[in-house]
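Step one of this worksheet: look at the structure below.
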Amino acid sequence: MSSSSTEEGGSHAGTSDTLSDGEVGEPSSSIIPFDSSAAVAGASAAERNKYGTMMDKNLWGSLPEDLQDRILAWLPFPAFARACTVCRRWNSVMYSQSFLEMYRQIPPPLPCFLMFEAKDRSMCAVFNPTYELWHRIPFTFFHYETKFPCAAAGGLLCFCGVSAYPTLSVCNPLTRCWRELPPMLHKRFPNLVGMVVDPITRGYKIVVAGDYYEDNVRTEVYDSITNSWRLTGNHLPIANYTLRNAFCNGYHFWVTRDPYGVIAFNMEHGVWSVVRAPMPSFLSSPHLVGCHTRLLMVGGLKKHTIPKNIRIWELEQNSMNWAEVARMPHTLCKRFLRDSRNGDFMCVGFNDLICLTSYKCPHALMYDFSKRSWRWVASCPLLTDIEDYRSTIGFPFSPRLDTTV
C-alpha cells in the first residue's frame with residue numbers, strides 16, 4: 001500500500017491510497033500493537049469481555065452512515081485505528097467535520113503514556129492503561145530524522161529541529177497531520193519547551209525558554225490562535241535545570257538541580273517564579289507529575305549514593321512543603337531498582353496514573369492514585385535492546401482526533 005502527502009495551509013496530512021477488506025495496512029492513524037498477533041488477540045478478547053458479543057458483520061451494511069460514525073466515535077483509539085483499515089470511508093472519517101463535531105461530545109479517553117527512543121525516532125511506544133498494552137505509532141509521515149520530541153499536550157506532540165537555530169513543529173500522531181511553526185522572535189536553541197492545549201477551543205500554546213548559545217534570553221510564547229510568538233516579561237530564574245516538567249493549575253513546572261528545586265512559569269501572565277518549598281533530604285532522580293489540581297513529585301531516597309526506596313510527595317500550597325503521600329513497597333522497589341544504573345528511573349504521569357520504568361527491569365510499575373495501589377505492567381518495548389534507558393523520552397499523552405495542528 002502506498003501513501004501520499006498533501007499540503008494545505010502549511011499543514012501536512014498522510015492519507016492512504018488503497019484499502020481492501022481484510023487488508024492489514026497503514027491507516028491514517030497508524031496504531032499497531034508491538035506483538036501484532038498476540039496483542040491484537042488479547043485486545044479483541046478484552047473488548048469482547050467488556051462490551052459483550054461482537055456485532056454480526058452483516059448488520060453493518062444496513063446501518064445509516066451517521067449511526068456508523070457515532071459508533072466509530074465511541075471506539076477506543078486502538079480499535080478505531082483497526083476500524084480505519086476496513087474501508088476508504090472509515091479511513092477518512094476522522095477528517096470529516098460532522099464526525100469531529102460528534103466526537104467532541106464524547107468524554108475524552110483515559111490518558112496514555114508515550115515514549116520515544118532518542119536515537120531512533122521513527123516510531124514511539126504508547127501504553128494504553130485500559131487494556132495494559134503497548135502500541136507503536138510509526139512516524140513515516142513526518143521528517144523525524146531532523147527533529148527531536150520536546151513536549152506533548154492534548155493529543156499533540158511538539159518537535160524541535162536539531163540545527164543550530166531550529167524551528168518547532170507540531171503533529172497529531174493519530175491523524176498524521178503536522179505543521180512547522182513560524183520562526184521564534186529570537187534565534188535560539190531553546191533549553192526548555194512546554195506545551196498546553198485549551199480543552200474548549202483546542203488551540204494550543206508553547207513556551208520556550210533559555211538558549212544553549214546565549215544567556216539572558218527572554219522567554220517566548222507561541223499561540224496557535226494568532227499563529228504568532230510574543231516575548232514575556234522576565235528570564236529564567238535559575239540556569240541549571242532538568243527537562244523533567246509537569247503542567248498543573250495553569251503553570252509549567254521544571255526541576256532544577258545542584259541543588260534540586262522547582263521553578264514555575266505562569267502561562268497566563270508569562271512570568272517565571274521559584275517554588276520556595278524545601279526539597280526532601282537525600283533526594284535522587286526527582287520527576288514532577290500533574291495529578292488533576294495537585295503537583296506531585298516522584299523520587300528516590302538514597303543511602304550511601306544508592307537509592308533505597310521510591311516515594312511520592314505532594315506540594316502543599318498553604319505550607320509550601322512537600323508532604324509524602326505514597327511509598328513504593330520495599331519488595332517492589334528492590335526488584336524495580338535491582339538492575340538499574342545508579343538507581344535512576346523514568347517516570348511519566350497524568351491525572352491518577354503514574355508509570356515508572358527502570359533500566360533492564362522486565363516490567364514497569366504503575367501507581368493508581370484513585371485505588372492507591374501499585375501493580376506491574378509490561379515494560380516499554382523500546383527499552384528492550386538499548387544500552388542506556390536514559391536515552392528514552394516520555395510524555396503523558398491524551399489521544400485526540402479533534403485537536404488540529
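Within each chain, counting starts at residue 1; across the C-alpha cells, chains are named A, B, ... in the order shown, with ligands numbered 1 upward in that order.
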All residues 7 Å or closer to Phe148 of chain A, only C-alpha atoms, same chain fewer than 2 positions away omitted, as number ranges by chain | A: 150, 159-162
Export of the given selection (C-alpha atoms) as a PDB file, in the first residue's frame:
```pdb
ATOM      1  CA  CYS A 150      10.352  18.019  23.331  1.00  0.00           C
ATOM      2  CA  PHE A 159       9.287  18.625  17.995  1.00  0.00           C
ATOM      3  CA  CYS A 160      12.385  20.810  17.917  1.00  0.00           C
ATOM      4  CA  GLY A 161      14.769  20.772  14.971  1.00  0.00           C
ATOM      5  CA  VAL A 162      18.378  19.711  15.517  1.00  0.00           C
TER       6      VAL A 162
END
```
Return as CSV the residues of segment 125-226 of chain A lying at most 10 Å from segment 56-78 of chain A, together with the closest atom-to-atom pair for each and the distance in Å to one decimal, counting only C-alpha atoms, with rows in chain order and ascending residue number.
```
residue,atom,partner,partner_atom,distance
A:Asn128,CA,A:Pro78,CA,8.6
A:Thr130,CA,A:Pro76,CA,9.2
A:Leu133,CA,A:Pro78,CA,9.9
A:His135,CA,A:Pro78,CA,8.0
A:Leu174,CA,A:Phe77,CA,8.4
```
Kindly indicate which residue among A:Lys187, A:His143, A:Arg244, A:Arg338 lies nearest to Met297 of chain A, using only C-alpha atoms for the distances.
-> A:Arg244
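You can rank A:Pro286, A:Pro278, A:Pro173, A:Gly270 by their closest distance to Val221 of chain A using only C-alpha atoms, and at the top of that list sits A:Gly270.
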